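The structure appears right after this line, and notes come after that.
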Amino acid sequence: MTTLLTVKGIQTFIGQYHILQGVDLEVEQGRVTLILGRNGAGKTTTLRSIMGLTPAKQGQIVFDGEEIQTLKPHLIAQKGIGYVPEDQGVFSDLTVEENMKLAIRKLDDATRARQDFVLDLFPDLKIAWKRKGGNLSGGQKQMLSIARAFVNDNRLLLIDEPSKGLAPIVVEKVMESILELKKRTTIVLVEQNFLMASGVGDDVFILDDGHTVYRGSMADVRSDEAVKKKYLGIGL
Amino acid sequence: MSLTVNLLLNGVALGMLIFLIAVGLTLIFGLMGVLNFAHGAIFAWGAYVGWAVYGATGSFILAILAGTATGFVLGFVMERFFIRPFYGNHVAQILLTLGLMIVLTEGIKIFFGPNILGFDKPELLQGVVTILQDPFPVYRIFTIGVGALVLIGVHYLLSRTKYGIIIRAGVQDPEMVQALGIDVRKVFALVFAFGAGLASFGAVIAGPSFGSLHPEIGMQNQLAAFIVIVIGGIGNFVGAAIGAVLVGITQTLMAYYLPEAALAVNVALMALVLILKPEGLFGLRR
Amino acid sequence: MSDYLLETKGLTIQFGGHVAVSDVSFQIKRHTFTSIIGPNGAGKTTFFNLISGQLKPTAGQVIFQGRDITKMPVHQRTRLGLGRSFQLTNVFPNLSVLENVRVAVQAASGGGFRLFSHYKKFHRYEERAMELLTLAHLDGKEGHLAKHLSHGDKRKLEIAILLALEPDVLLLDEPTAGMSLEEVPQIIEVIRSLKDSGQHTVLLIEHKIDMVLGLSDALAVLFNGKLLAQGSPDEIMQNELVQSAYLGGLYDDAVNG
Amino acid sequence: MRERIFNNKWLLAAVLVLLAILPFVGTSQFLMLMLIQVFILAVYGMSYDLLLGYTGIVSFGHAIFFGTGAYSVGILLTKMENPNLLFVAFLIAIVFSAVVALLLGVLSLRVKDVYFSMITLAFAELFFIVAEKWSSLTGGNDGIPYIRVPELFRERVSLYFIALGFLVVMFLFLRRVVDSPLGRVLQAIRENERRAESLGYNVLQYKLVSIVISGMVAAMAGGMWAVLQRYVSTTVFSLDQTISALLMTIIGGVGTLTGAILGAGVITFANEWLSSLASVHPIFERWLIFFGIIYIVIVMYFPKGIIGTIRDKWARSSERGKRDAAQTDQRGKSVL
């Protein structure tokens, strides 16, 4: 197994707030790595720090053997990291087509093939092709956002809470598609609740209060009631 | 040609001149949310550099190129070194661009002197053509044509090209655009420079139409452009064009029938729109 | 006349094609504590914005004290007795903590336009503001600029400002959001004291159900902009629709485990 | 602590005493004239600070009020032919400009902050045009010359004390306003308009009150200016007139009334000095460019102006890095 992304002890501030106080991650190629933790644990900020959107003040982020923690977001994206933010980041004034066009960095045959693949995966998008992003349903926005991240030659996708605000039936569909995408790329998935993601995850990192507090395999976590209770708790 | 048609055509020609100034302002303002009070000063610099180059070389095309380039460079520098730290902070932007306006306007007085300078029409565009048995100046037709071209060109740029998509997306969520691998700052700088370039381009076209230049020319035209934007609906590019023609026609009619009030009519028109429809005739409430 | 203090009828708002709040009809009685629960993105804050007037609905009505207030501007609603706190901290950054609350006390007593009012009057506002700061565990910090407060303290300040308005209905939008674990109990304590005083009507938004179960007289579940159910905490926990759609079976493990 | 040093009654009183004895120690006529100008412009600057610094409204039409005051006093004094009716003229000027301010506010406060600036600018242009074109009333480009004023206002020393008294009274008045319950609401609006609204304040009404008070004070300054110059021309409505209010306030420090006074002094004296250098190099004829540059530097790097920056320095050194380092930079918020 090769490690695609290593995060070592990053510390991130937002304004005066010390949000990440030492987060470690190791993401293996071709797997789905889950980041779990309760609300406010620092999951979203971790993804944003990897993307360079809220740069880490200290620590190291190594992607494919290269340190990226000081790079600007657009350069990090160009290294091959796709990002699906919590709010999906769909441009409401742009059509689905324009959203895709915006995302595509280089329109070559491989990109076309990926676009065809992802549109087959989400036929909804083909139907809504000329519709504005603002007029899509929550599920369609999620699909568009994932499609946008996947369409480039990205070796890593960071997906932030894809289940948020979606009906369970749609969530299932999104999770299925993630399993499908996993065959072609590596995925880091942030989830607030455990069960949602337990069907797709391979490795698990749990954050709490800005620290990595647990790492293990999906199977480990599933059987470890104490960890579940302590860090994931009950909650909606 | 009846008097009415003549006045209308003149009004359209004037409207297109105002539109040429307004288009850059509305691009920068409507898309990036920066109200650039130095826009008129950039316009003035474009006109003066165009005038100087035209005088030195005798080539109007060179004058247009030089004038446009001046605005483009000024806009780029302005965004890069002054505006950039203040995106989202409207008060600072207003205060800062006003300061830049002062410096640029005073700069014109230093470089070109505070007096009025004559700006002749290029030979090719002098004279008149006959429309419906009445003479009409060629230069006004040229102005209308250029205005229409710019309207179509900018519309195409925004709606059809990837740059247009990036600009529209970047206004809504610059962070996400970056996360898609696009250097949104560079795009913003270019938009700013492009808007400024359009202003100075319009200035070189407008110069011979006005026939003369003076250092305050920027402020006057900026006001007219802003009024047009308010009337048309802020951030609405096509609305600005319609508003410009509307103002142009009103002003031409007033100048003919009630010249004392001609200058005030713009402001009165704007006040009327503000009372009846504060979001502008074609604007969306934001 | 209705028995309800606050009521919405068919409240709906659309943004573009997206229906953020859809046909919500909902009632609360005087002096009760109601919590609106639902996952992130369910439309809870939007619903609040419709009640407090920050947004105007596409369809439907908001009725307060038997009066249709759907078209009323924000400041008038506040005067009528609808006070709200915001999820994202929303205070006056460059005013002192005391001044933040004092301005709110002044608003409640309608003393804003007094240009040369007597100094003693000032004093009364200030004393009241200090009381409220003590209540919100902010005493000793009255001299700080609001922007220098910690996140948790800002939330407390929000509550103090809200209390200063002496509203009939307190609309609290996730008062503990983004707070560190140590700070949460203090805030809950303040909220609990509101409930126990029996003088206030409270409407609270929360997405963590465990936090509000013990506090609430009634729960309403919002999901995808729709009101799924409304009732006592027990009823809601038993409600099948809520179970299947919201808890969705997906949470069984976590709840039981 | 730091507030005390600069709002210190004793410090202000000492400056006042110094200014009061100045005419008796053989000061030049020229310096006294300069100081009279400073006093009047300082009032004009403070009136602008009420809008910009305390309410957070950026108006580019402040000259409207200054000009309205100047023209009202000028025209009335000329028409009434009795210079002793000066106070009546002032009263009418104040009422008139209050009406203008109200109308302007009702019209332009309907739109958001950014557009407000531009719209006020457009209205200022309108006033300028009217003053130029309505020559039967305003004298057009020739202006109103030879305004007759009471003897007391012609004699330099007495005018000096009148202007100084005017400044002191206006300073005390405006300070009372900003410290009143109303003033506190204005500051709350400056800080967070929507929140002020949700506290139950009718923001538009408060802004109107602010612009009306500001307009009345500016009109008084304009009237004093007409009395001092005994001449009014269209320049009182010019953009430069608004810019000078802006420069005074920004350079001195927004949200500090004393800043506007200091700003008026700096601008008036520096202006005089730079103009006098024109014989050294013609660039000094364009002295405004230097102010423009200084102004830009202040907006970018010292957004609190002279007084505000000094205050911060005091605060910093007295608290000495307690927890401030991470918190000082509020202005650098950026979407990128």
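Starting from 1 in every chain, residues are counted up; chains themselves are A, B, ... following the order of the structure tokens, and ligands are numbered from 1 as listed.
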
Write out as a Markdown table a residue-level contact list of chain B versus chain D with cut-off 9 Å: for each qualifying residue the closest pair of atoms and the distance in Å to one decimal, counting only C-alpha atoms, rows sorted by chain and residue number upward.
```
| residue | atom | partner | partner_atom | distance |
| --- | --- | --- | --- | --- |
| B:Val34 | CA | D:Val114 | CA | 8.7 |
| B:Leu35 | CA | D:Val114 | CA | 6.9 |
| B:Phe37 | CA | D:Met118 | CA | 8.3 |
| B:Phe82 | CA | D:Met300 | CA | 7.9 |
| B:Arg84 | CA | D:Ser334 | CA | 8.1 |
| B:Pro85 | CA | D:Ser334 | CA | 6.3 |
| B:Phe86 | CA | D:Ser334 | CA | 6.1 |
| B:Tyr87 | CA | D:Ser334 | CA | 5.2 |
| B:Gly88 | CA | D:Ser334 | CA | 6.0 |
| B:Asn89 | CA | D:Lys333 | CA | 7.3 |
| B:His90 | CA | D:Val114 | CA | 6.6 |
| B:Val91 | CA | D:Val58 | CA | 7.1 |
| B:Ala92 | CA | D:Val299 | CA | 6.9 |
| B:Ile94 | CA | D:Val114 | CA | 7.4 |
| B:Leu95 | CA | D:Val299 | CA | 7.1 |
| B:Leu96 | CA | D:Ile296 | CA | 6.0 |
| B:Thr97 | CA | D:Ile296 | CA | 8.6 |
| B:Leu98 | CA | D:Ile243 | CA | 8.7 |
| B:Gly99 | CA | D:Gly292 | CA | 5.3 |
| B:Leu100 | CA | D:Gly292 | CA | 7.1 |
| B:Met101 | CA | D:Gly292 | CA | 8.4 |
| B:Ile102 | CA | D:Gly292 | CA | 5.7 |
| B:Val103 | CA | D:Ile289 | CA | 5.0 |
| B:Leu104 | CA | D:Ile289 | CA | 8.2 |
| B:Thr105 | CA | D:Ile289 | CA | 8.4 |
| B:Glu106 | CA | D:Ile289 | CA | 5.7 |
| B:Gly107 | CA | D:Ile289 | CA | 7.3 |
| B:Lys109 | CA | D:Arg286 | CA | 7.7 |
| B:Ile110 | CA | D:Ile283 | CA | 6.8 |
| B:Asp173 | CA | D:Val335 | CA | 8.7 |
| B:Pro174 | CA | D:Leu336 | CA | 6.6 |
| B:Glu175 | CA | D:Leu336 | CA | 6.6 |
| B:Val184 | CA | D:Leu336 | CA | 8.4 |
| B:Arg185 | CA | D:Leu336 | CA | 7.6 |
| B:Gln220 | CA | D:Glu125 | CA | 8.7 |
| B:Leu223 | CA | D:Ala122 | CA | 6.3 |
| B:Ala224 | CA | D:Ala122 | CA | 8.6 |
| B:Phe226 | CA | D:Met118 | CA | 7.4 |
| B:Ile227 | CA | D:Ala122 | CA | 7.8 |
| B:Val230 | CA | D:Tyr115 | CA | 8.3 |
| B:Glu260 | CA | D:Lys133 | CA | 7.1 |
| B:Ala261 | CA | D:Lys133 | CA | 8.7 |
| B:Leu263 | CA | D:Ile129 | CA | 7.3 |
| B:Ala264 | CA | D:Leu126 | CA | 5.8 |
| B:Asn266 | CA | D:Ala122 | CA | 9.0 |
| B:Val267 | CA | D:Ala122 | CA | 6.4 |
| B:Ala268 | CA | D:Leu126 | CA | 8.6 |
| B:Met270 | CA | D:Ile119 | CA | 8.7 |
| B:Ala271 | CA | D:Leu107 | CA | 7.0 |
| B:Leu274 | CA | D:Leu107 | CA | 6.9 |
| B:Ile275 | CA | D:Leu107 | CA | 6.7 |
| B:Pro278 | CA | D:Val111 | CA | 6.6 |
| B:Glu279 | CA | D:Val111 | CA | 7.9 |
```

- Residue contacts of A:Ser163 (8 Å, only C-alpha atoms) excluding same-chain residues fewer than 3 positions away, as a ChimeraX atom specification: /A:166,171,174,191,196

Selection to disk with all heavy atoms, as a PDB file, in the first residue's frame:
```
ATOM      1  N   LEU A 166     -29.825  15.848   3.068  1.00  0.00           N
ATOM      2  CA  LEU A 166     -30.422  15.050   1.996  1.00  0.00           C
ATOM      3  C   LEU A 166     -31.343  13.979   2.572  1.00  0.00           C
ATOM      4  O   LEU A 166     -31.131  13.461   3.667  1.00  0.00           O
ATOM      5  CB  LEU A 166     -29.330  14.362   1.169  1.00  0.00           C
ATOM      6  CG  LEU A 166     -28.325  15.273   0.471  1.00  0.00           C
ATOM      7  CD1 LEU A 166     -27.414  14.459  -0.424  1.00  0.00           C
ATOM      8  CD2 LEU A 166     -29.039  16.347  -0.333  1.00  0.00           C
ATOM      9  N   VAL A 171     -29.269   9.966   0.019  1.00  0.00           N
ATOM     10  CA  VAL A 171     -27.987   9.704   0.657  1.00  0.00           C
ATOM     11  C   VAL A 171     -27.459   8.338   0.227  1.00  0.00           C
ATOM     12  O   VAL A 171     -26.286   8.179  -0.110  1.00  0.00           O
ATOM     13  CB  VAL A 171     -28.132   9.758   2.196  1.00  0.00           C
ATOM     14  CG1 VAL A 171     -26.846   9.293   2.852  1.00  0.00           C
ATOM     15  CG2 VAL A 171     -28.480  11.161   2.639  1.00  0.00           C
ATOM     16  N   VAL A 174     -25.949   8.599  -3.115  1.00  0.00           N
ATOM     17  CA  VAL A 174     -24.660   9.275  -3.099  1.00  0.00           C
ATOM     18  C   VAL A 174     -23.587   8.323  -2.571  1.00  0.00           C
ATOM     19  O   VAL A 174     -22.475   8.246  -3.111  1.00  0.00           O
ATOM     20  CB  VAL A 174     -24.736  10.561  -2.244  1.00  0.00           C
ATOM     21  CG1 VAL A 174     -23.352  11.132  -2.006  1.00  0.00           C
ATOM     22  CG2 VAL A 174     -25.623  11.601  -2.923  1.00  0.00           C
ATOM     23  N   GLU A 191     -17.638  12.738   7.709  1.00  0.00           N
ATOM     24  CA  GLU A 191     -19.035  12.509   8.064  1.00  0.00           C
ATOM     25  C   GLU A 191     -19.269  12.858   9.510  1.00  0.00           C
ATOM     26  O   GLU A 191     -18.406  12.703  10.359  1.00  0.00           O
ATOM     27  CB  GLU A 191     -19.432  11.048   7.806  1.00  0.00           C
ATOM     28  CG  GLU A 191     -20.267  10.849   6.547  1.00  0.00           C
ATOM     29  CD  GLU A 191     -21.451  11.793   6.415  1.00  0.00           C
ATOM     30  OE1 GLU A 191     -22.011  12.210   7.439  1.00  0.00           O
ATOM     31  OE2 GLU A 191     -21.802  12.145   5.264  1.00  0.00           O
ATOM     32  N   MET A 196     -23.933   6.429   8.621  1.00  0.00           N
ATOM     33  CA  MET A 196     -24.013   6.912   7.260  1.00  0.00           C
ATOM     34  C   MET A 196     -22.828   6.449   6.437  1.00  0.00           C
ATOM     35  O   MET A 196     -22.953   6.022   5.307  1.00  0.00           O
ATOM     36  CB  MET A 196     -24.013   8.440   7.325  1.00  0.00           C
ATOM     37  CG  MET A 196     -24.135   9.151   6.038  1.00  0.00           C
ATOM     38  SD  MET A 196     -25.719   8.920   5.316  1.00  0.00           S
ATOM     39  CE  MET A 196     -26.751   9.324   6.709  1.00  0.00           C
TER      40      MET A 196
END
```

- Item | Contacts of A:Val190 within 10 Å, only C-alpha atoms, excl. fewer than 5 positions in-chain, as number ranges by chain | A: 33-37, 43-44, 46-47, 85-86, 158-163, 197, 204-206

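When atom CA of A:Thr54 is paired with atom CA of A:Gln192, their separation reads 20.3 Å.
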
- Task: Find the residues around C:Phe26 up to 7 Å (only C-alpha atoms counted), leave out those fewer than 6 positions away in its own chain, and share them as a list in words.
- Result: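 Neighbouring residues, sequence-local ones excluded: Glu7, Thr8 and Lys9 of chain C.
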
- Expected answer as a list of chain:residue names: chain A residues within 8 Å of chain B, only C-alpha atoms: A:Met51, A:Leu53, A:Pro73, A:His74, A:Leu75, A:Ile76, A:Ala77, A:Gln78, A:Gly82, A:Tyr83, A:Gly89, A:Phe91, A:Asp93, A:Leu94, A:Glu98, A:Lys101, A:Leu102, A:Ala103, A:Arg105, A:Ala149

- Pick out the residues sitting within 6 Å of stretch 122-138 of chain A, and hand them over as a PyMOL selection string; count only C-alpha atoms, and ignore anything fewer than 4 positions along from it in its own chain. (chain A and resi 91-97) or (chain C and resi 16-18)

- Message: Quick one: residues within 7 Å of A:Asp202, only C-alpha atoms, excluding same-chain residues fewer than 2 positions away - as a list of chain:residue names?
- Response: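 The neighbour list is A:Arg31, A:Val32, A:Thr33, A:Val200, A:Val204, A:Ser217, A:Met218.
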
- Query: Of the candidates A:Ile50, A:Ala41, A:Leu20, A:Ile14, which shows the shortest atom-to-atom distance to chain D, using only C-alpha atoms?
  - Reply: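 Looking only at the distances to chain D, the closest residue turns out to be A:Ile14.
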
- Task: Could you give me, as a PyMOL selection string, the residues within 7 Å of stretch 36-51 of chain D, counting only C-alpha atoms and dropping anything in the same chain fewer than 4 positions from it?
- Result: chain D and resi 32+55-57+160+163-164+167+170+210-211+214+217-218+221+224-225+245+248-249+254-255+257+260-261+264-265+268

- Task: Starting from chain D, keep only residues with some atom at most 9 Å from an atom of chain C, counting only C-alpha atoms, and report them as a count of residues only.
- Result: 32
